[in-house]
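Listing of start_11.pdb; format and content: PDB, C-alpha atoms.
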```pdb
ATOM      1  CA  MET A   1    -165.273 -30.904  45.192  1.00  0.00           C
ATOM      2  CA  ILE A   2    -163.485 -27.562  45.324  1.00  0.00           C
ATOM      3  CA  LEU A   3    -164.354 -25.029  42.638  1.00  0.00           C
ATOM      4  CA  LEU A   4    -162.418 -21.797  42.161  1.00  0.00           C
ATOM      5  CA  GLU A   5    -164.156 -19.379  39.789  1.00  0.00           C
ATOM      6  CA  ASN A   6    -162.281 -16.370  38.407  1.00  0.00           C
ATOM      7  CA  ILE A   7    -160.285 -15.903  41.623  1.00  0.00           C
ATOM      8  CA  SER A   8    -158.210 -12.725  41.793  1.00  0.00           C
ATOM      9  CA  HIS A   9    -156.506 -11.027  44.691  1.00  0.00           C
ATOM     10  CA  VAL A  10    -154.748  -7.676  44.889  1.00  0.00           C
ATOM     11  CA  PHE A  11    -152.660  -6.555  47.831  1.00  0.00           C
ATOM     12  CA  ASN A  12    -152.519  -2.805  48.617  1.00  0.00           C
ATOM     13  CA  ARG A  13    -155.164  -2.096  46.018  1.00  0.00           C
ATOM     14  CA  GLY A  14    -155.072   1.427  44.621  1.00  0.00           C
ATOM     15  CA  ARG A  15    -151.746   2.243  46.235  1.00  0.00           C
ATOM     16  CA  SER A  16    -148.329   2.767  44.724  1.00  0.00           C
ATOM     17  CA  ASN A  17    -147.195  -0.633  46.040  1.00  0.00           C
ATOM     18  CA  GLU A  18    -150.177  -2.526  44.607  1.00  0.00           C
ATOM     19  CA  VAL A  19    -149.431  -6.193  43.868  1.00  0.00           C
ATOM     20  CA  ILE A  20    -151.612  -8.532  41.813  1.00  0.00           C
ATOM     21  CA  ALA A  21    -151.006 -11.819  43.609  1.00  0.00           C
ATOM     22  CA  ILE A  22    -153.688 -13.905  41.853  1.00  0.00           C
ATOM     23  CA  GLU A  23    -155.187 -13.093  38.485  1.00  0.00           C
ATOM     24  CA  CYS A  24    -158.417 -14.735  37.335  1.00  0.00           C
ATOM     25  CA  VAL A  25    -157.586 -18.301  38.398  1.00  0.00           C
ATOM     26  CA  ASN A  26    -160.049 -21.072  37.601  1.00  0.00           C
ATOM     27  CA  MET A  27    -159.591 -24.558  39.008  1.00  0.00           C
ATOM     28  CA  VAL A  28    -161.604 -27.682  39.728  1.00  0.00           C
ATOM     29  CA  ILE A  29    -160.301 -30.062  42.410  1.00  0.00           C
ATOM     30  CA  PRO A  30    -162.357 -33.278  42.502  1.00  0.00           C
ATOM     31  CA  ASP A  31    -163.117 -35.109  45.748  1.00  0.00           C
ATOM     32  CA  ARG A  32    -160.224 -37.182  47.141  1.00  0.00           C
ATOM     33  CA  GLU A  33    -157.645 -35.631  44.798  1.00  0.00           C
ATOM     34  CA  PHE A  34    -154.166 -34.844  46.155  1.00  0.00           C
ATOM     35  CA  ILE A  35    -152.938 -31.755  44.301  1.00  0.00           C
ATOM     36  CA  VAL A  36    -149.473 -30.219  44.626  1.00  0.00           C
ATOM     37  CA  LEU A  37    -148.913 -26.494  43.974  1.00  0.00           C
ATOM     38  CA  VAL A  38    -145.416 -25.443  42.931  1.00  0.00           C
ATOM     39  CA  GLY A  39    -143.909 -22.155  41.881  1.00  0.00           C
ATOM     40  CA  SER A  40    -141.201 -19.670  42.723  1.00  0.00           C
ATOM     41  CA  ASN A  41    -141.540 -17.064  45.467  1.00  0.00           C
ATOM     42  CA  GLY A  42    -144.250 -14.575  44.554  1.00  0.00           C
ATOM     43  CA  SER A  43    -145.943 -16.939  42.111  1.00  0.00           C
ATOM     44  CA  GLY A  44    -149.236 -16.849  44.026  1.00  0.00           C
ATOM     45  CA  LYS A  45    -149.365 -20.394  45.397  1.00  0.00           C
ATOM     46  CA  SER A  46    -149.344 -19.386  49.072  1.00  0.00           C
ATOM     47  CA  THR A  47    -151.977 -16.713  48.444  1.00  0.00           C
ATOM     48  CA  LEU A  48    -154.157 -19.307  46.754  1.00  0.00           C
ATOM     49  CA  LEU A  49    -153.763 -21.655  49.744  1.00  0.00           C
ATOM     50  CA  ASN A  50    -154.698 -18.808  52.103  1.00  0.00           C
ATOM     51  CA  ILE A  51    -157.794 -18.125  50.024  1.00  0.00           C
ATOM     52  CA  LEU A  52    -158.790 -21.785  50.326  1.00  0.00           C
ATOM     53  CA  ALA A  53    -158.161 -21.614  54.080  1.00  0.00           C
ATOM     54  CA  GLY A  54    -160.199 -18.439  54.476  1.00  0.00           C
ATOM     55  CA  THR A  55    -157.367 -16.381  55.956  1.00  0.00           C
ATOM     56  CA  ILE A  56    -157.495 -14.207  52.824  1.00  0.00           C
ATOM     57  CA  ILE A  57    -160.784 -13.149  51.207  1.00  0.00           C
ATOM     58  CA  PRO A  58    -160.255 -12.797  47.442  1.00  0.00           C
ATOM     59  CA  THR A  59    -160.695  -9.436  45.782  1.00  0.00           C
ATOM     60  CA  SER A  60    -163.004 -11.083  43.255  1.00  0.00           C
ATOM     61  CA  GLY A  61    -164.247 -14.511  42.240  1.00  0.00           C
ATOM     62  CA  LYS A  62    -165.854 -17.397  44.111  1.00  0.00           C
ATOM     63  CA  VAL A  63    -164.693 -20.295  46.301  1.00  0.00           C
ATOM     64  CA  LEU A  64    -167.116 -23.206  46.422  1.00  0.00           C
ATOM     65  CA  ILE A  65    -166.668 -26.387  48.456  1.00  0.00           C
ATOM     66  CA  ASP A  66    -169.244 -29.126  47.879  1.00  0.00           C
ATOM     67  CA  GLY A  67    -171.443 -26.563  46.173  1.00  0.00           C
ATOM     68  CA  LYS A  68    -171.409 -24.104  49.091  1.00  0.00           C
ATOM     69  CA  ASP A  69    -170.208 -20.581  48.396  1.00  0.00           C
ATOM     70  CA  LEU A  70    -167.552 -19.941  51.069  1.00  0.00           C
ATOM     71  CA  THR A  71    -165.884 -16.999  49.363  1.00  0.00           C
ATOM     72  CA  HIS A  72    -166.422 -14.644  52.286  1.00  0.00           C
ATOM     73  CA  ALA A  73    -166.358 -17.240  55.057  1.00  0.00           C
ATOM     74  CA  PRO A  74    -163.333 -16.677  57.348  1.00  0.00           C
ATOM     75  CA  ASP A  75    -161.066 -19.496  58.455  1.00  0.00           C
ATOM     76  CA  TYR A  76    -162.853 -20.111  61.765  1.00  0.00           C
ATOM     77  CA  ARG A  77    -166.099 -20.796  59.889  1.00  0.00           C
ATOM     78  CA  ARG A  78    -164.340 -23.318  57.656  1.00  0.00           C
ATOM     79  CA  SER A  79    -162.525 -25.079  60.492  1.00  0.00           C
ATOM     80  CA  LYS A  80    -165.216 -27.743  60.833  1.00  0.00           C
ATOM     81  CA  PHE A  81    -164.241 -29.271  57.505  1.00  0.00           C
ATOM     82  CA  VAL A  82    -160.994 -27.571  56.404  1.00  0.00           C
ATOM     83  CA  ALA A  83    -157.760 -28.255  58.304  1.00  0.00           C
ATOM     84  CA  ARG A  84    -154.295 -26.859  57.721  1.00  0.00           C
ATOM     85  CA  VAL A  85    -150.821 -28.140  58.572  1.00  0.00           C
ATOM     86  CA  PHE A  86    -148.254 -25.335  58.714  1.00  0.00           C
ATOM     87  CA  GLN A  87    -144.550 -25.165  57.883  1.00  0.00           C
ATOM     88  CA  ASN A  88    -143.483 -25.019  61.504  1.00  0.00           C
ATOM     89  CA  PRO A  89    -144.576 -28.054  63.573  1.00  0.00           C
ATOM     90  CA  THR A  90    -144.902 -25.836  66.659  1.00  0.00           C
ATOM     91  CA  ASP A  91    -147.731 -23.881  64.993  1.00  0.00           C
ATOM     92  CA  GLY A  92    -150.075 -26.866  65.024  1.00  0.00           C
ATOM     93  CA  THR A  93    -149.437 -28.206  68.527  1.00  0.00           C
ATOM     94  CA  ALA A  94    -149.369 -27.074  72.153  1.00  0.00           C
ATOM     95  CA  SER A  95    -145.839 -27.709  73.395  1.00  0.00           C
ATOM     96  CA  ASP A  96    -146.675 -27.732  77.118  1.00  0.00           C
ATOM     97  CA  LEU A  97    -149.451 -30.311  76.756  1.00  0.00           C
ATOM     98  CA  ASN A  98    -148.895 -34.019  76.295  1.00  0.00           C
ATOM     99  CA  ILE A  99    -149.729 -35.941  73.136  1.00  0.00           C
ATOM    100  CA  LEU A 100    -153.123 -37.126  74.354  1.00  0.00           C
ATOM    101  CA  GLU A 101    -154.151 -33.619  75.457  1.00  0.00           C
ATOM    102  CA  ASN A 102    -153.204 -32.263  72.033  1.00  0.00           C
ATOM    103  CA  PHE A 103    -155.425 -34.859  70.401  1.00  0.00           C
ATOM    104  CA  ARG A 104    -158.271 -33.875  72.707  1.00  0.00           C
ATOM    105  CA  LEU A 105    -157.955 -30.232  71.609  1.00  0.00           C
ATOM    106  CA  ALA A 106    -157.904 -31.314  67.959  1.00  0.00           C
ATOM    107  CA  ALA A 107    -161.054 -33.406  68.490  1.00  0.00           C
ATOM    108  CA  LEU A 108    -162.881 -30.331  69.779  1.00  0.00           C
ATOM    109  CA  ARG A 109    -162.058 -28.307  66.661  1.00  0.00           C
ATOM    110  CA  ASN A 110    -165.182 -29.264  64.742  1.00  0.00           C
ATOM    111  CA  LYS A 111    -167.495 -29.838  67.693  1.00  0.00           C
ATOM    112  CA  SER A 112    -169.984 -27.464  69.266  1.00  0.00           C
ATOM    113  CA  LYS A 113    -168.504 -25.500  72.147  1.00  0.00           C
ATOM    114  CA  ASN A 114    -170.848 -27.057  74.722  1.00  0.00           C
ATOM    115  CA  LEU A 115    -169.589 -30.563  73.937  1.00  0.00           C
ATOM    116  CA  VAL A 116    -166.745 -31.832  76.112  1.00  0.00           C
ATOM    117  CA  ILE A 117    -164.580 -34.709  74.972  1.00  0.00           C
ATOM    118  CA  GLY A 118    -162.925 -36.151  78.048  1.00  0.00           C
ATOM    119  CA  LEU A 119    -159.687 -38.059  78.298  1.00  0.00           C
ATOM    120  CA  ASN A 120    -161.462 -41.336  78.977  1.00  0.00           C
ATOM    121  CA  LYS A 121    -160.122 -44.811  78.281  1.00  0.00           C
ATOM    122  CA  LYS A 122    -162.061 -45.142  75.026  1.00  0.00           C
ATOM    123  CA  PHE A 123    -160.560 -41.944  73.639  1.00  0.00           C
ATOM    124  CA  GLU A 124    -157.071 -42.943  74.801  1.00  0.00           C
ATOM    125  CA  THR A 125    -157.358 -46.341  73.102  1.00  0.00           C
ATOM    126  CA  LEU A 126    -158.552 -44.721  69.871  1.00  0.00           C
ATOM    127  CA  VAL A 127    -155.625 -42.286  69.826  1.00  0.00           C
ATOM    128  CA  ARG A 128    -153.103 -45.009  70.715  1.00  0.00           C
ATOM    129  CA  ASP A 129    -154.338 -47.280  67.918  1.00  0.00           C
ATOM    130  CA  GLU A 130    -154.218 -44.489  65.342  1.00  0.00           C
ATOM    131  CA  ILE A 131    -150.731 -43.378  66.400  1.00  0.00           C
ATOM    132  CA  ALA A 132    -149.477 -46.978  66.269  1.00  0.00           C
ATOM    133  CA  GLU A 133    -150.291 -47.080  62.552  1.00  0.00           C
ATOM    134  CA  LEU A 134    -147.774 -44.290  61.961  1.00  0.00           C
ATOM    135  CA  GLY A 135    -144.983 -46.693  62.854  1.00  0.00           C
ATOM    136  CA  LEU A 136    -143.038 -44.074  64.817  1.00  0.00           C
ATOM    137  CA  GLY A 137    -143.168 -45.799  68.191  1.00  0.00           C
ATOM    138  CA  LEU A 138    -145.141 -42.991  69.824  1.00  0.00           C
ATOM    139  CA  GLU A 139    -148.200 -45.002  70.829  1.00  0.00           C
ATOM    140  CA  ASN A 140    -146.744 -45.696  74.283  1.00  0.00           C
ATOM    141  CA  LYS A 141    -145.729 -42.081  74.883  1.00  0.00           C
ATOM    142  CA  LEU A 142    -149.162 -40.488  75.060  1.00  0.00           C
ATOM    143  CA  TYR A 143    -148.317 -38.672  78.289  1.00  0.00           C
ATOM    144  CA  GLN A 144    -145.042 -37.254  76.979  1.00  0.00           C
ATOM    145  CA  SER A 145    -145.079 -33.511  76.301  1.00  0.00           C
ATOM    146  CA  MET A 146    -145.429 -32.516  72.677  1.00  0.00           C
ATOM    147  CA  GLY A 147    -142.532 -30.089  73.080  1.00  0.00           C
ATOM    148  CA  SER A 148    -140.118 -32.959  73.766  1.00  0.00           C
ATOM    149  CA  LEU A 149    -140.687 -34.529  70.342  1.00  0.00           C
ATOM    150  CA  SER A 150    -138.721 -33.938  67.168  1.00  0.00           C
ATOM    151  CA  GLY A 151    -140.097 -31.707  64.422  1.00  0.00           C
ATOM    152  CA  GLY A 152    -140.818 -34.696  62.209  1.00  0.00           C
ATOM    153  CA  GLN A 153    -142.704 -36.506  64.963  1.00  0.00           C
ATOM    154  CA  ARG A 154    -144.781 -33.435  65.751  1.00  0.00           C
ATOM    155  CA  GLN A 155    -145.599 -32.832  62.104  1.00  0.00           C
ATOM    156  CA  ALA A 156    -146.697 -36.450  61.643  1.00  0.00           C
ATOM    157  CA  LEU A 157    -148.950 -36.120  64.693  1.00  0.00           C
ATOM    158  CA  CYS A 158    -150.338 -32.830  63.312  1.00  0.00           C
ATOM    159  CA  LEU A 159    -151.374 -34.711  60.187  1.00  0.00           C
ATOM    160  CA  LEU A 160    -153.015 -37.442  62.209  1.00  0.00           C
ATOM    161  CA  MET A 161    -154.854 -34.955  64.425  1.00  0.00           C
ATOM    162  CA  ALA A 162    -156.195 -33.236  61.317  1.00  0.00           C
ATOM    163  CA  VAL A 163    -157.549 -36.340  59.586  1.00  0.00           C
ATOM    164  CA  MET A 164    -159.133 -37.873  62.717  1.00  0.00           C
ATOM    165  CA  THR A 165    -161.857 -35.217  62.598  1.00  0.00           C
ATOM    166  CA  ASP A 166    -164.702 -35.113  60.067  1.00  0.00           C
ATOM    167  CA  LEU A 167    -162.529 -33.483  57.444  1.00  0.00           C
ATOM    168  CA  LYS A 168    -163.278 -32.638  53.819  1.00  0.00           C
ATOM    169  CA  VAL A 169    -160.211 -30.607  52.820  1.00  0.00           C
ATOM    170  CA  LEU A 170    -156.614 -30.782  54.070  1.00  0.00           C
ATOM    171  CA  LEU A 171    -154.225 -27.922  53.294  1.00  0.00           C
ATOM    172  CA  LEU A 172    -150.495 -28.649  53.611  1.00  0.00           C
ATOM    173  CA  ASP A 173    -148.518 -25.419  53.776  1.00  0.00           C
ATOM    174  CA  GLU A 174    -144.937 -26.490  52.950  1.00  0.00           C
ATOM    175  CA  PRO A 175    -145.138 -29.140  55.698  1.00  0.00           C
ATOM    176  CA  THR A 176    -141.493 -30.217  55.308  1.00  0.00           C
ATOM    177  CA  ALA A 177    -139.860 -26.778  55.055  1.00  0.00           C
ATOM    178  CA  ALA A 178    -138.531 -26.891  58.638  1.00  0.00           C
ATOM    179  CA  LEU A 179    -137.494 -30.556  58.571  1.00  0.00           C
ATOM    180  CA  ASP A 180    -134.332 -32.484  57.704  1.00  0.00           C
ATOM    181  CA  PRO A 181    -134.552 -34.768  54.616  1.00  0.00           C
ATOM    182  CA  LYS A 182    -135.201 -37.969  56.590  1.00  0.00           C
ATOM    183  CA  SER A 183    -137.967 -36.389  58.663  1.00  0.00           C
ATOM    184  CA  ALA A 184    -139.427 -34.798  55.535  1.00  0.00           C
ATOM    185  CA  GLU A 185    -139.679 -38.196  53.867  1.00  0.00           C
ATOM    186  CA  ILE A 186    -141.443 -39.655  56.920  1.00  0.00           C
ATOM    187  CA  VAL A 187    -143.926 -36.778  57.039  1.00  0.00           C
ATOM    188  CA  LEU A 188    -144.751 -36.916  53.325  1.00  0.00           C
ATOM    189  CA  SER A 189    -145.168 -40.682  53.255  1.00  0.00           C
ATOM    190  CA  THR A 190    -147.383 -40.339  56.332  1.00  0.00           C
ATOM    191  CA  ALA A 191    -149.430 -37.607  54.646  1.00  0.00           C
ATOM    192  CA  ASP A 192    -149.852 -39.683  51.513  1.00  0.00           C
ATOM    193  CA  LYS A 193    -150.957 -42.745  53.506  1.00  0.00           C
ATOM    194  CA  LEU A 194    -153.409 -40.803  55.667  1.00  0.00           C
ATOM    195  CA  VAL A 195    -155.123 -38.851  52.893  1.00  0.00           C
ATOM    196  CA  ARG A 196    -155.542 -42.058  50.864  1.00  0.00           C
ATOM    197  CA  LYS A 197    -156.926 -43.935  53.861  1.00  0.00           C
ATOM    198  CA  HIS A 198    -159.396 -41.202  54.827  1.00  0.00           C
ATOM    199  CA  GLU A 199    -160.107 -40.144  51.201  1.00  0.00           C
ATOM    200  CA  ILE A 200    -159.507 -36.462  51.868  1.00  0.00           C
ATOM    201  CA  THR A 201    -159.196 -33.793  49.198  1.00  0.00           C
ATOM    202  CA  THR A 202    -155.701 -32.378  49.734  1.00  0.00           C
ATOM    203  CA  VAL A 203    -153.803 -29.334  48.476  1.00  0.00           C
ATOM    204  CA  MET A 204    -150.084 -29.103  49.240  1.00  0.00           C
ATOM    205  CA  VAL A 205    -147.780 -26.159  48.590  1.00  0.00           C
ATOM    206  CA  THR A 206    -144.104 -27.012  48.244  1.00  0.00           C
ATOM    207  CA  HIS A 207    -140.851 -25.563  46.929  1.00  0.00           C
ATOM    208  CA  HIS A 208    -139.327 -29.038  46.615  1.00  0.00           C
ATOM    209  CA  LEU A 209    -139.747 -30.412  43.121  1.00  0.00           C
ATOM    210  CA  ARG A 210    -138.767 -33.894  44.258  1.00  0.00           C
ATOM    211  CA  GLU A 211    -141.864 -33.873  46.481  1.00  0.00           C
ATOM    212  CA  ALA A 212    -144.000 -32.697  43.563  1.00  0.00           C
ATOM    213  CA  HIS A 213    -142.542 -35.489  41.436  1.00  0.00           C
ATOM    214  CA  ASP A 214    -143.082 -38.243  43.998  1.00  0.00           C
ATOM    215  CA  TYR A 215    -146.389 -37.325  45.649  1.00  0.00           C
ATOM    216  CA  GLY A 216    -149.854 -36.239  44.707  1.00  0.00           C
ATOM    217  CA  ASP A 217    -152.241 -36.985  41.850  1.00  0.00           C
ATOM    218  CA  ARG A 218    -151.697 -33.706  40.048  1.00  0.00           C
ATOM    219  CA  VAL A 219    -149.054 -30.979  39.880  1.00  0.00           C
ATOM    220  CA  VAL A 220    -150.013 -27.356  39.206  1.00  0.00           C
ATOM    221  CA  GLN A 221    -147.356 -24.723  38.548  1.00  0.00           C
ATOM    222  CA  MET A 222    -148.117 -21.092  39.269  1.00  0.00           C
ATOM    223  CA  GLN A 223    -146.288 -18.077  37.932  1.00  0.00           C
ATOM    224  CA  ASP A 224    -147.110 -14.379  38.307  1.00  0.00           C
ATOM    225  CA  GLY A 225    -150.491 -15.199  39.830  1.00  0.00           C
ATOM    226  CA  ASN A 226    -151.542 -17.530  37.037  1.00  0.00           C
ATOM    227  CA  ILE A 227    -151.664 -21.276  36.456  1.00  0.00           C
ATOM    228  CA  VAL A 228    -149.142 -22.035  33.725  1.00  0.00           C
ATOM    229  CA  LYS A 229    -149.009 -25.847  33.960  1.00  0.00           C
ATOM    230  CA  ASP A 230    -151.513 -28.407  35.186  1.00  0.00           C
ATOM    231  CA  MET A 231    -150.421 -32.037  34.878  1.00  0.00           C
ATOM    232  CA  ILE A 232    -151.820 -35.316  36.173  1.00  0.00           C
ATOM    233  CA  LYS A 233    -149.527 -37.743  37.981  1.00  0.00           C
ATOM    234  CA  SER A 234    -148.936 -40.046  35.016  1.00  0.00           C
ATOM    235  CA  GLU A 235    -147.606 -37.088  33.019  1.00  0.00           C
ATOM    236  CA  CYS A 236    -145.344 -35.974  35.881  1.00  0.00           C
ATOM    237  CA  LYS A 237    -143.959 -39.463  36.386  1.00  0.00           C
ATOM    238  CA  GLY A 238    -142.688 -39.306  32.839  1.00  0.00           C
ATOM    239  CA  LEU A 239    -140.595 -36.252  33.664  1.00  0.00           C
ATOM    240  CA  SER A 240    -137.242 -36.227  35.394  1.00  0.00           C
ATOM    241  CA  VAL A 241    -136.646 -33.882  38.308  1.00  0.00           C
ATOM    242  CA  SER A 242    -134.260 -31.897  36.080  1.00  0.00           C
ATOM    243  CA  GLU A 243    -137.089 -31.436  33.580  1.00  0.00           C
ATOM    244  CA  LEU A 244    -139.282 -30.137  36.392  1.00  0.00           C
ATOM    245  CA  TYR A 245    -136.536 -27.684  37.311  1.00  0.00           C
ATOM    246  CA  SER A 246    -136.631 -26.397  33.746  1.00  0.00           C
ATOM    247  CA  TRP A 247    -140.120 -25.076  34.469  1.00  0.00           C
ATOM    248  CA  PHE A 248    -138.465 -22.340  36.514  1.00  0.00           C
ATOM    249  CA  SER A 249    -135.919 -21.334  33.888  1.00  0.00           C
TER     250      SER A 249
END
```
Take the structure in the file and give it back as structure tokens.
Amino acid sequence: MILLENISHVFNRGRSNEVIAIECVNMVIPDREFIVLVGSNGSGKSTLLNILAGTIIPTSGKVLIDGKDLTHAPDYRRSKFVARVFQNPTDGTASDLNILENFRLAALRNKSKNLVIGLNKKFETLVRDEIAELGLGLENKLYQSMGSLSGGQRQALCLLMAVMTDLKVLLLDEPTAALDPKSAEIVLSTADKLVRKHEITTVMVTHHLREAHDYGDRVVQMQDGNIVKDMIKSECKGLSVSELYSWFS
């Protein structure tokens, strides 16, 4: 479970350009829940995701994951159980390495530095079987360079690399922002399938209200650093996309 207690964050504190990005936010995210954060630019959703990731330490408040206070733990200390998929597929992969080598690097993310995971046949078979379940036809291209793949293919593989480790929390930072509509649909359906299969607590930030309408267990709208709406999936399913757009009026 993720618990956010009275989280606030101020950029440029005490200066003339001070900005209150998050203001006393409280939120409980149960285990295995898929939550979608929406909001206009400057609403605070990306700052909140960065606080969960540990790339931003909040000005005040607490971040607890499974009862552990990680408020001041930086991202590298959370990497054993918190993974993040970025907007740009190139940010989560090594273009010059092949698919299998990228998976090897991902497997080392939450291991001790003196442990070496080789590219043996067992590991190759595991990766091939997992990739085959994506249905993208990449299971027989393990030695193809990651840089030769499309953005949608790379993003889908980023998701798979994240969930194949001993993961507790997955953060999706506008994972379809750089993709065409068809690729975006593939990536989101893949994300939904993987987080359900592996029962991972997931937080996704998106600007696309259609994605908020179609995916996730809960939709949270942020505005001016505050949570202004918090709806479970059954409530959202009763709304049209045009009604969701009215939230931003």
Requested in this report: Given the file shown, determine the residues that the PyMOL selection byres ((chain A and resi 160) around 12) selects; report them as an MDAnalysis selection string.
Outcome: chainID A and resid 83:85 92:93 99 102:103 106:107 126:134 153:159 161:165 167 170 187 190:195 197:198
**Report entry** the PyMOL selection byres ((chain A and resi 205-217) around 6) resolved against shown file, as a VMD selection string
**Finding:** chain A and resid 34 to 38 173 to 174 204 218 232 to 233
The centre and edge lengths of an axis-aligned box containing all atoms of stretch 199-212 of chain A present in the file, extended by 5 Å on each side, are to be given in Å to one decimal, as AutoDock Vina command-line options.
```
--center_x -149.4 --center_y -32.9 --center_z 47.5 --size_x 31.3 --size_y 24.6 --size_z 18.7
```
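Residues matched by the PyMOL selection byres ((chain A and resi 32) around 8) in this structure: Pro30, Asp31, Glu33, Phe34, Val195, Arg196, Glu199, Ile200, Thr201 and Thr202 of chain A.
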C-alpha atoms of the current selection, written as a short mmCIF file (atom, residue, chain, number, x, y, z; two decimals), keeping the file's coordinate frame:
```
data_model
loop_
_atom_site.label_atom_id
_atom_site.label_comp_id
_atom_site.auth_asym_id
_atom_site.auth_seq_id
_atom_site.Cartn_x
_atom_site.Cartn_y
_atom_site.Cartn_z
CA PRO A 30 -162.36 -33.28 42.50
CA ASP A 31 -163.12 -35.11 45.75
CA GLU A 33 -157.65 -35.63 44.80
CA PHE A 34 -154.17 -34.84 46.16
CA VAL A 195 -155.12 -38.85 52.89
CA ARG A 196 -155.54 -42.06 50.86
CA GLU A 199 -160.11 -40.14 51.20
CA ILE A 200 -159.51 -36.46 51.87
CA THR A 201 -159.20 -33.79 49.20
CA THR A 202 -155.70 -32.38 49.73
#
```
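Nearest residue to A:Phe123, choosing from A:Leu142, A:Ile57, A:Ile22, A:Leu188 and counting only C-alpha atoms: A:Leu142.
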Query raised in the report: How many Å lie between atom CA of A:Leu3 and atom CA of A:Gly39, rounded to one decimal?
Result: 20.7 Å
Query - Point-to-point distance from atom CA of A:Gly238 to atom CA of A:Val219, Å rounded to tenths - result: 12.6 Å
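Distance-wise, atom CA of A:Lys80 and atom CA of A:Ala94 end up 19.5 Å apart.
Here the question is which of A:Ile7, A:Val19, A:Leu136, A:Cys236 gets nearest to A:Leu52 using only C-alpha atoms, and that residue is A:Ile7.
Summary of the local environment: counting all atoms listed in the file, residues at most 7 Å from A:Leu4, other than itself and those fewer than 4 positions away along its chain, are Asn26, Met27, Val28, Lys62, Val63 and Leu64 of chain A.
The residue that comes closest to A:Arg78, out of A:Lys168, A:Arg104, A:Arg15, A:Lys45 and on the basis of only C-alpha atoms, is A:Lys168.
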Query raised in the report: Of the candidates A:Leu108, A:Glu5, A:Val228, A:Ala21, which shows the shortest atom-to-atom distance to A:Asp69, using all atoms listed in the file?
Result: A:Glu5
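The smallest atom-to-atom distance between A:Asp91 and any of A:Pro175, A:Asn120, A:Asn17, A:Ile29, using all atoms listed in the file, is found for A:Pro175.
Distance annotation: of A:Asp75, A:Glu23, A:Asp180, A:Asp66, the residue with the minimal separation from A:Leu48 is A:Glu23; atom set is only C-alpha atoms.
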